[in-house]
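Structure, as structure tokens:
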Amino acid sequence: MQKIYPHSKLPNVATTIFATIGQLAHQHGAVNLSQGYPDFGVAPELLRLVSKAMNEGHNQYAPMQGIFTLRETISEKIERLYGHHYHPENEMTITAGATQALFTAISAFVKKGDEVIVPQPAYDCYEPAIELYGGKVVPLSLKGTDFAFDFDGLKKALSPKTRMLIINTPHNPSGSILSKEDMRKLEQLLKDTNIIVLSDEVYEHIVFDEQNHESAAKYPELAKRSIICSSFGKTFHVTGWKMGYCVAPKELMREFQKVHQYNVFSVNHPIQRALDTYLKNAGRYEELGVFYQQKRDYFLKTIAASRFTFAPSSGTYFQLLDYSAISDEPDIVFAERLIKEFKLASIPVSVFYRNGSEARHLRFCFAKTQETLDRGAEIMMKI
């Protein structure tokens, strides 16, 4: 029988670093501070609401855009927080997690030859989606140890072929955030273009030290060109539910939904019912920054005397640690050695760059119980 040799549309893509590190951590019984998921429980009330919705019979397809009451609740939330009204009828879609929303947005608007500017380090789902649809990734490195946005670099990167700019705030993996001044600069720079902004805001409620999340929705000239993606999974500690949403002006959302309806069509119905009720209590997400800041501060206090150095994360539930005082090994090599020799798992930051990085940074997740953080810190103090 003749063998079939498939022509890969992603010839340079292998198994993700998250799967690789996760498997390695499992093999060696390592304390896993690598992947971005909480290891603590879900609010019992949210679980009760999901069961209630199932028992009440909400077990068939939801509307393609998502149930209307949830879209209304999200619309009210965004208007209250960011001052911009998105019509629940035609400017919003409930998605199977934020990654599906990001992928759908890229597939809806990026065609062969289009350029997409991607600030780096960057979450790993952006670039494969761009390449699948024939787009060209234009990397834009963030600046310095604080990972500041490079506006001069952005000006140089813009071209007549630029179709989309991806922004991510709070930023994974660096934990940096875009400021009000940053967003105003971005708004002004893009004002007379037809560039679409894909704004990944999945950690919107996890911002620290009395700083504010500056959503693209707050800035009129950005809002009119932006597709904003968010995540219930990140907000309510339910990453395995794969529930998110995106908002955009109706002209953009119309094109987004053309792809969405032939991708997943609609997403988990009973969970949508539960989230609609749960989301109405604003304290359940407004207190999230304080909750995670306590974890960040605890984690950093326990490792303060270690040989790792750091600047405290401004948002997300990730913390970058600099290990240059410990080793001059490349970060992938050092991360693997930490797992095998010290039983501690993290993510090497160079994998978030298109062409790698020589910086000596590892990403650690502090969305963990105190027991897990203590176990990780105990190991780090010995390295």
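Chain labels A, B, ... are given in the sequence in which chains occur in the structure tokens; within each chain residues are numbered consecutively from 1, and ligands are likewise numbered from 1 in the order shown.
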For this session: Would you please extract all strand (DSSP E or B) residues from range 110-236 of chain A, as assigned by DSSP on the backbone, and give them as a PyMOL selection string?
Result: chain A and resi 115-120+136-141+143+148+162-168+196-200+207+226-231
Could you build a table of the residues in range 252-371 of chain A lying no more than 8 Å from range 164-184 of chain A, giving for each the nearest pair of atoms and their separation in Å rounded to one decimal place, using only C-alpha atoms, ordered by chain and ascending residue number, as CSV?
residue,atom,partner,partner_atom,distance
A:Ser313,CA,A:Gly175,CA,4.8
A:Ser314,CA,A:Ser176,CA,5.4
A:Gly315,CA,A:Gly175,CA,4.9
A:Thr316,CA,A:Gly175,CA,5.6
A:Tyr317,CA,A:Gly175,CA,7.6
A:Phe318,CA,A:Gly175,CA,6.1
A:Gln319,CA,A:Gly175,CA,6.5
A:Leu320,CA,A:Ser174,CA,6.2
A:Val349,CA,A:Pro173,CA,7.3
A:Phe352,CA,A:Pro173,CA,7.8
A:Arg363,CA,A:Pro173,CA,6.7
For this session: Just the residues within 12 Å of Ile339 in chain A, please, counting only C-alpha atoms, with nothing from its chain fewer than 2 positions along; format it as an MDAnalysis selection string.
Result: chainID A and resid 20:34 332:337 341:348 376 379:380 383
Exercise. Which residues, written as a VMD selection string, have at least one atom at most 6 Å from Pro88 in chain A, with only C-alpha atoms counted and residues fewer than 4 positions away on the same chain left out?
Worked result: chain A and resid 71 to 72 92
For this session: Going by DSSP on the backbone, which bits of range 14-126 of chain A are alpha helix (DSSP H)? Write them as an MDAnalysis selection string, please.
Result: chainID A and resid 17:28 44:55 68:82 97:109 126
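Each of A:Ser266, A:Asn281, A:Thr309, A:Ser324 was compared to Leu46 in chain A using only C-alpha atoms, and A:Asn281 turns out to be the nearest.
Nearest to Val202 in chain A of all the residues A:Ile228, A:Leu300, A:Leu186, A:Leu81 is A:Ile228, counting only C-alpha atoms.
Comparing the minimum interatomic distances between Ile117 in chain A and each of A:Ala101, A:Leu275, A:Met54, A:Leu158, counting only C-alpha atoms, we find that A:Leu158 sits nearest.
CA of Lys250 in chain A sits 4.8 Å away from CA of Glu91 in chain A.
Taking CA of Val238 in chain A and CA of Ala53 in chain A as the two end points, the separation is 17.0 Å.
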